[in-house]
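Visitor: Before we start, here is the structure in question, set down as structure tokens.
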Amino acid sequence: MKHYDVIVIGMGLAGLMAAKTAAEGGKSVLLIGKGIGTAHTYTGCIDVLGYYPTGSSVPVENPLTSLSRLIEEIPNHPYARVGVSDIRNALTSFLGLFAEQDYTYLSQGEKNAITLTPMGSTRATYLFPSTMEWGGIEDDRDVLIVGFDGLKDFYGAYIAHNINSLRKERRLSFGARSISLPLSELSPRRTAPSSVLARFFEEEEFQDKIAKVIHAKRKGGERVAFPAVLGVDRPQEVRRELEARLGTTVFEIPTLPPSVPGFRLFHTFKRDLQGKGVTIIMGFSAVAAPVRDGRCLQVTVTTAPIERTYSAEVYVLATGSFFGGGLEVKGDRVVEPLFDLPVHQPVSRENWFRDRFFCDESHPIESFGIMVDERLNPIDEKGRVVVSNLHGAGSILSHCDALREKSGGGVALSTGYKSVGGGMH
Amino acid sequence: MGGQPKIEETIDFCIRCATCMEYCPVLRVTDRFPGPKQAGPGGQRFRGRDVFPVDRCIDLCIGCTICELVCASGVDIYHLNLMAKAKYYDEHGIPLRDRILAHFNRWMGRLPWAVPFMNRMSRSLFMRWILDWLLGLDKRRPLPDFEVPTFRQWLRSRPKGLPQTPESSANGRVGYFYGCFTNISEVDVGKAVIQVLEQNGIQVVVPEQDCCGLPMLGSGDLRSARAIARKNLTSLKIAIDSGIDIVFSSSSCGYMIRHEYANVLGIPGSEEVSEKTYEIFEYLMARHERGSLKHPSEMRRKLAYFAPCHVRAVGMGLPALELLRLIPGIHIELVDEGCCGLGGLYGYKKEKYDISMEIGKDLAKHLLDLSPDAVVTDCEGCRLQIRHLTGIKVIHPIQILRDAYLEK
């Protein structure tokens with residue numbers, strides 16, 4: 001049985017961050033993921049705290065200051081377990097991944113940025129890729145949205161329509177219009193998923209062709225928005241090259257999943273982890289993790305038809321919530337399938353949801369999850385540690401409605417960081 | 001497989017996130033293939049009912065397994081496509097070329113006297129033109145050179161009573177599954193495996209064996225694959241029952257034996273063989289962890305390691321890279337570019353050659369930029385493709401370890 005200092009189970013943002021932090025502390029690390037992790041299904045932006053109190057529709061202005069209030073009001077929230085200073089440390093450590101890169105993450109000082117969504121609505125986020133820099137809503141220049149016939153995950157006309165509706169309601173100070181470019185005339189393909197289109201954008205010839213078409217249709221004073229496909233390996237350069245060709249600012253609007261910025265984020269992490277000698281096993285589930293005397297002994301990974309076991313000093317459980325498989329419904333109960341840890345939930349299934357599905361307030365089910373103490377060790381209802389060498393991280397943690405708070409990225413990074421003792425030295 | 005769901009049952013786990021579409025090497029270079037999501041869980045909904053034939057686009061699946069590895073929802077995408085391909089060929093018949101290609105290496109292993117003739121033929125432009133025209137074997141793809149004596153012949157010619165290393169067979173015995181390609185085209189890989197094991201005082205026995213069956217499986221010929229698998233399992237089981245483990249040096253053969261005999265072919269009892277079958281570096285790494293692996297001596301080399309799809313598909317990490325990095329003085333860069341594009345026989349077929357080369361373009365560029373002394377990779381298919389794409393020397397990692405043991 002192979003032994004490591006740290007085994008991280010789960011390859012989402014929390015697992016990646018835990019692996020990075022542990023490896024930076026000089027530990028030998030095994031990172032196991034059932035699949036490639038959920039970074040590919042998000043926008044690539046890092047939300048820290050977009051809306052609070054939970055369910056509020058007014059964006060938080062300064063997330064890091066508002067965190068102190070949240071920590072006071074929801075003492076079981078994962079953020080309360082980490083504390084503001086380690087949340088800051090985690091974000092700084094995350095930004096360090098991009099220190100040597102042209103493509104990086106930006107924020108509007110300490111404030112939330114209000115960005116456009118692929119629905120043409122707005123949302124608050126904290127850190128955003130540098131290719132989305134000019135997409136903020138403070139800028140009152142009109143937007144020309146460029147879509148592609150043949151890209152199924154981005155509808156320019158729909159986005160423009162919704163932006164114009166918001167403008168009519170005086171909630172936005174700019175308007176938008178859209179054009180759709182025929183992929184078949186610009187490339188050898190009729191259809192392309194976003195990652196393929198992103199590769200085309202790195203070719204000079206493709207840039208020339210689309211710049212020519214757009215230039216003919218552009219009005220003065222407009223900024224130009226593209227789906228978030230401006231290159232895979234050198235998106236920031238692509239953006240600058242397009243700006244030079246078009247003579248105006250260019251930015252990305254996230255697409256529907258799968259997300260190219262999520263792809264870039266994942267691979268930045270992966271390269272970093274590989275450079276630090278982290279062993280990555282992707283595509284296989286952890287199926288058993290026996291515990292004796294309050295300590296996890298080993299993890300069994302299935303590579304059908306056989307199984308393999310690995311052991312470590314410290315284990316991190318970052319298997320996600322319902323979507324990632326970290327939580328499952330078994331009859332009338334929500335369970336954590338790997339360790340069978342106690343899950344915070346109401347006694348009766350009737351209380352999982354509110355009466356109205358589309359309501360502002362949280363549905364109770366959204367904050368189900370495992371309970372942890374300030375070291376992120378899993379605990380039971382009475383606060384007793386259940387497994388002393390196990391730490392939870394990411395969306396598997398209870399008392400957090402990341403969907404409404406827009407706090408998923410920050411919770412993942414900060415708990416991943418803290419789970420392996422980041423900030424302890 | 002106990003609690004594991006059946007391959008076809010996993011389609012309901014698909015949440016349409018399309019992450020697999022971002023990683024499919026074929027979809028990346030052509031839109032003639034609708035991508036793993038559409039071809040796999042999407043198409044399977046119709047295939048379940050017998051009235052619908054399988055669409056021919058399934059033939060473009062290269063079989064890299066990447067879609068299945070990246071899927072976070074547990075959909076057996078690659079296997080769905082593999083079974084659909086088999087169904088497609090059931091409906092349409094397997095082309096003669098594909099049958100010949102699938103069996104070619106094992107035939108050559110039995111006819112070593114034909115080697116010089118075959119080599120001459122494969123170098124003759126005229127013959128290549130004929131094969132291209134007659135069979136659809138792309139003339140631009142170089143055919144591998146065949147070697148005599150074959151690995152099997154070399155084994156037979158070794159003096160009895162080996163190993164003769166000072167450690168003798170102090171550390172036990174192990175069985176070696178060498179695979180067709182080692183036998184007829186890269187005999188030195190097989191020699192290196194034996195030398196490394198013997199240097200560690202491990203006596204190597206070579207159980208009776210045939211092709212692993214992966215080429216037939218990839219061509220949709222499940223019946224031949226199953227017949228061959230049964231034969232191999234019988235002899236491997238005898239070896240295992242005598243108390244030894246089996247090692248393999250070809251990641252593709254190993255993947256087939258350890259995983260697909262049970263998962264796809266569903267042959268009862270194959271699990272017992274899976275349990276005792278190890279990739280050669282996985283086996284050596286376990287010894288290293290127990291402190292019983294001989295230390296390699298210093299070797300100044302700049303290498304690039306490419307991890308084949310089937311190494312990833314067996315889910316063991318990258319033990320070859322880990323172990324080679326223990327050699328003092330060696331510098332190895334990990335090249336992480338997905339599929340090389342050969343896909344076994346895929347890249348030899350006329351209608352797929354361009355796709356195959358286009359897939360390998362990024363990998364080739366990356367390797368040429370690095371310009372290492374040699375590229376190291378565990379799969380013979382990847383080695384052939386990288387040689388063809390770059391002209392750089394490409395070898396199996398075991399050859400590096402052997403050199404580190406034996407070079408002065």
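Naming works like this for the structure tokens: A, B, ... for the chains as they're shown, residue 1 at the start of each chain, ligands 1 onward in shown order.
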List the spatial neighbours of region 237-254 of chain A as a list in words - criterion: any atom at most 7 Å away, only C-alpha atoms, same-chain residues fewer than 4 positions off excluded.
Guide: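 Listing them by chain and then by number gives Thr43, Leu116, Thr117, Pro118, Thr131, Met132, Glu133, Trp134, Gly135, Phe201, Glu202, Gln207, Ala211, His215, Arg223, Val224, Ala225, Phe226, Pro227, Ala228, Leu230 and Gly231 of chain A.
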Visitor: Show me, as an NGL selection string, every residue of chain B with an atom at most 7 Å from chain A, counting only C-alpha atoms.
Guide: :B and (1 or 17-19 or 21-22 or 28 or 31 or 68-72 or 259 or 262-263 or 271 or 274-275 or 314-317)
Visitor: Next, the residues of the selection above should be written as a JSON list (two decimals), in the first residue's frame with C-alpha atoms.
Guide:
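File produced: again.json:
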[["chain", "number", "residue", "atom", "x", "y", "z"],
["B", 1, "MET", "CA", -18.28, -6.05, -10.56],
["B", 17, "CYS", "CA", -22.27, 19.12, -18.65],
["B", 18, "ALA", "CA", -20.33, 18.42, -21.87],
["B", 19, "THR", "CA", -16.97, 18.35, -20.12],
["B", 21, "MET", "CA", -16.73, 17.31, -25.35],
["B", 22, "GLU", "CA", -13.91, 19.65, -24.29],
["B", 28, "ARG", "CA", -11.18, 18.76, -31.42],
["B", 31, "ASP", "CA", -16.91, 17.97, -36.66],
["B", 68, "GLU", "CA", -14.65, 8.45, -19.47],
["B", 69, "LEU", "CA", -11.76, 9.56, -17.28],
["B", 70, "VAL", "CA", -12.82, 13.21, -17.20],
["B", 71, "CYS", "CA", -16.51, 12.45, -16.57],
["B", 72, "ALA", "CA", -17.29, 13.41, -12.98],
["B", 259, "HIS", "CA", -9.51, -4.34, -16.94],
["B", 262, "ALA", "CA", -13.65, -8.42, -16.93],
["B", 263, "ASN", "CA", -15.31, -5.08, -17.71],
["B", 271, "GLU", "CA", -10.71, -10.87, -11.83],
["B", 274, "SER", "CA", -6.46, -8.81, -12.73],
["B", 275, "GLU", "CA", -5.62, -8.92, -9.03],
["B", 314, "VAL", "CA", -5.38, 1.87, -15.41],
["B", 315, "GLY", "CA", -5.52, 4.51, -12.66],
["B", 316, "MET", "CA", -2.13, 4.06, -11.01],
["B", 317, "GLY", "CA", -0.61, 7.53, -11.35]]
Visitor: Just want the 10 Å neighbourhood of Ile11 (chain B), counted on only C-alpha atoms, with same-chain residues fewer than 5 positions away dropped. Output as a PyMOL selection string.
Guide: chain B and resi 6+37+40-45+73-77+80
Visitor: Please produce a file of the residues just selected, as a PDB file, in the first residue's frame, where the atoms kept are N, CA and C atoms.
Guide:
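Below is the file that was written, selection.pdb:
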ATOM      1  N   LYS B   6     -24.189  -1.562 -14.721  1.00  0.00           N
ATOM      2  CA  LYS B   6     -23.781  -2.027 -16.050  1.00  0.00           C
ATOM      3  C   LYS B   6     -23.461  -0.828 -16.927  1.00  0.00           C
ATOM      4  N   LYS B  37     -20.341  12.841 -25.904  1.00  0.00           N
ATOM      5  CA  LYS B  37     -21.637  12.970 -25.226  1.00  0.00           C
ATOM      6  C   LYS B  37     -22.761  12.538 -26.165  1.00  0.00           C
ATOM      7  N   GLY B  40     -22.155   8.813 -27.257  1.00  0.00           N
ATOM      8  CA  GLY B  40     -22.248   7.878 -26.134  1.00  0.00           C
ATOM      9  C   GLY B  40     -23.619   7.886 -25.483  1.00  0.00           C
ATOM     10  N   PRO B  41     -23.743   8.598 -24.350  1.00  0.00           N
ATOM     11  CA  PRO B  41     -25.019   8.566 -23.629  1.00  0.00           C
ATOM     12  C   PRO B  41     -26.187   9.091 -24.462  1.00  0.00           C
ATOM     13  N   GLY B  42     -25.925  10.039 -25.373  1.00  0.00           N
ATOM     14  CA  GLY B  42     -26.999  10.563 -26.217  1.00  0.00           C
ATOM     15  C   GLY B  42     -27.529   9.486 -27.151  1.00  0.00           C
ATOM     16  N   GLY B  43     -26.612   8.885 -27.925  1.00  0.00           N
ATOM     17  CA  GLY B  43     -27.005   7.889 -28.918  1.00  0.00           C
ATOM     18  C   GLY B  43     -27.539   6.611 -28.300  1.00  0.00           C
ATOM     19  N   GLN B  44     -27.034   6.277 -27.112  1.00  0.00           N
ATOM     20  CA  GLN B  44     -27.401   5.015 -26.481  1.00  0.00           C
ATOM     21  C   GLN B  44     -28.902   4.921 -26.208  1.00  0.00           C
ATOM     22  N   ARG B  45     -29.541   6.063 -25.999  1.00  0.00           N
ATOM     23  CA  ARG B  45     -30.982   6.062 -25.721  1.00  0.00           C
ATOM     24  C   ARG B  45     -31.760   5.413 -26.871  1.00  0.00           C
ATOM     25  N   SER B  73     -19.417  12.322 -13.473  1.00  0.00           N
ATOM     26  CA  SER B  73     -20.718  11.774 -13.102  1.00  0.00           C
ATOM     27  C   SER B  73     -20.757  10.248 -13.199  1.00  0.00           C
ATOM     28  N   GLY B  74     -19.655   9.644 -13.615  1.00  0.00           N
ATOM     29  CA  GLY B  74     -19.597   8.188 -13.649  1.00  0.00           C
ATOM     30  C   GLY B  74     -20.261   7.554 -14.858  1.00  0.00           C
ATOM     31  N   VAL B  75     -20.312   8.271 -15.984  1.00  0.00           N
ATOM     32  CA  VAL B  75     -20.863   7.680 -17.207  1.00  0.00           C
ATOM     33  C   VAL B  75     -19.728   6.947 -17.932  1.00  0.00           C
ATOM     34  N   ASP B  76     -19.959   5.688 -18.312  1.00  0.00           N
ATOM     35  CA  ASP B  76     -18.931   4.909 -19.015  1.00  0.00           C
ATOM     36  C   ASP B  76     -18.935   5.265 -20.501  1.00  0.00           C
ATOM     37  N   ILE B  77     -18.551   6.491 -20.801  1.00  0.00           N
ATOM     38  CA  ILE B  77     -18.729   7.013 -22.161  1.00  0.00           C
ATOM     39  C   ILE B  77     -17.941   6.203 -23.188  1.00  0.00           C
ATOM     40  N   LEU B  80     -19.466   2.832 -23.731  1.00  0.00           N
ATOM     41  CA  LEU B  80     -20.714   2.928 -24.500  1.00  0.00           C
ATOM     42  C   LEU B  80     -20.378   3.009 -25.987  1.00  0.00           C
TER      43      LEU B  80
END
Visitor: Neighbouring residues of Leu143 (chain B) were defined as those with any atom within 7 Å, considering only C-alpha atoms; residues of the same chain fewer than 2 positions away were excluded. Please report them as a list of chain:residue names.
Guide: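 Residues meeting the cut-off are B:Ser122, B:Arg141, B:Asp145.
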Visitor: List the spatial neighbours of Leu197 (chain B) as a PyMOL selection string - criterion: any atom at most 12 Å away, only C-alpha atoms, same-chain residues fewer than 2 positions off excluded.
Guide: chain B and resi 163+165+167-176+190-195+199-205+247+249+280-281+283-284+287+292-294+398-399+401-402+405
Visitor: Write out as number ranges by chain all residues of region 22-198 of chain B that DSSP puts in alpha helix (DSSP H) for this structure's backbone.
Guide: B: 22-23, 25-29, 36-37, 43-47, 66-70, 77-92, 96-110, 115-123, 125-135, 151-157, 180-184, 187-198
Visitor: Using only C-alpha atoms for the distances, tell me which of B:Ile246, B:Leu303, B:Val196, B:Leu265 is nearest to Leu406 (chain B).
Guide: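 Among B:Ile246, B:Leu303, B:Val196, B:Leu265, it is B:Val196 that comes nearest to Leu406 (chain B).
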Visitor: Please give the complete set of residues from region 174-295 of chain B that DSSP, run on the backbone, assigns to strand (DSSP E or B), formatted as a ChimeraX atom specification.
Guide: /B:174-177,203-205,245-248,277-279
Visitor: Neighbouring residues of Val372 (chain A) were defined as those with any atom within 9 Å, considering only C-alpha atoms; residues of the same chain fewer than 5 positions away were excluded. Please report them as a list of chain:residue names.
Guide: A:Asn76, A:Pro78, A:Arg81, A:Asn377, A:Pro378, A:Ile379, A:Asp380, A:Gly383, A:Val385, A:His391, A:Gly392, A:Leu397, A:Ser398
Visitor: Would you pick out the contacts of region 383-390 of chain B at 8 Å or less, using only C-alpha atoms, so that residues sharing its chain but fewer than 3 positions from it are not included, and give the list as a PyMOL selection string?
Guide: chain B and resi 141-142+144+340-342+357+360-361+364+367-368+377-380+393-395
Visitor: Can you write out the residues you just picked, keeping N, CA and C atoms, as a CSV table (one decimal), in the first residue's frame?
Guide:
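Once everything was written out, this is part39.csv:
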chain,number,residue,atom,x,y,z
B,141,ARG,N,1.7,6.6,-43.8
B,141,ARG,CA,2.1,6.1,-42.4
B,141,ARG,C,3.1,5.0,-42.5
B,142,PRO,N,4.3,5.2,-42.0
B,142,PRO,CA,5.4,4.2,-42.0
B,142,PRO,C,4.9,2.9,-41.3
B,144,PRO,N,5.9,-0.4,-39.1
B,144,PRO,CA,7.0,-0.7,-38.2
B,144,PRO,C,7.9,-1.7,-38.8
B,340,CYS,N,-2.1,10.9,-28.2
B,340,CYS,CA,-1.1,11.1,-29.3
B,340,CYS,C,-1.7,11.1,-30.7
B,341,GLY,N,-2.9,10.5,-30.8
B,341,GLY,CA,-3.5,10.5,-32.1
B,341,GLY,C,-3.4,9.2,-32.9
B,342,LEU,N,-2.6,8.2,-32.4
B,342,LEU,CA,-2.5,7.0,-33.2
B,342,LEU,C,-3.7,6.1,-33.0
B,357,MET,N,-3.1,12.6,-37.5
B,357,MET,CA,-2.0,13.5,-37.6
B,357,MET,C,-2.3,14.8,-37.0
B,360,GLY,N,-2.2,14.8,-33.3
B,360,GLY,CA,-0.9,14.7,-32.7
B,360,GLY,C,-0.1,16.0,-32.9
B,361,LYS,N,-0.7,17.0,-33.6
B,361,LYS,CA,0.1,18.2,-33.9
B,361,LYS,C,0.6,19.0,-32.7
B,364,ALA,N,3.3,17.1,-31.0
B,364,ALA,CA,4.6,17.2,-31.7
B,364,ALA,C,5.3,18.5,-31.5
B,367,LEU,N,6.9,18.7,-28.1
B,367,LEU,CA,8.1,17.9,-28.0
B,367,LEU,C,9.2,18.5,-28.8
B,368,LEU,N,8.9,19.0,-30.0
B,368,LEU,CA,10.0,19.7,-30.8
B,368,LEU,C,10.5,20.9,-30.1
B,377,THR,N,8.0,6.8,-23.4
B,377,THR,CA,6.6,6.6,-23.2
B,377,THR,C,6.3,5.1,-23.2
B,378,ASP,N,5.3,4.7,-22.4
B,378,ASP,CA,5.1,3.2,-22.1
B,378,ASP,C,4.3,2.5,-23.2
B,379,CYS,N,3.8,3.2,-24.2
B,379,CYS,CA,2.9,2.5,-25.2
B,379,CYS,C,3.6,2.5,-26.5
B,380,GLU,N,3.5,1.3,-27.2
B,380,GLU,CA,4.2,1.2,-28.5
B,380,GLU,C,3.5,2.1,-29.5
B,393,LYS,N,14.1,10.4,-31.1
B,393,LYS,CA,14.2,9.0,-30.6
B,393,LYS,C,13.2,8.8,-29.5
B,394,VAL,N,12.4,7.7,-29.6
B,394,VAL,CA,11.4,7.4,-28.6
B,394,VAL,C,11.6,6.0,-28.1
B,395,ILE,N,11.7,5.9,-26.8
B,395,ILE,CA,11.9,4.6,-26.2
B,395,ILE,C,11.0,4.3,-25.0
Visitor: How far is it from CA of Lys111 (chain A) to CA of Asp153 (chain A), in Å with one decimal?
Guide: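 Going from CA of Lys111 (chain A) over to CA of Asp153 (chain A), I get 29.4 Å.
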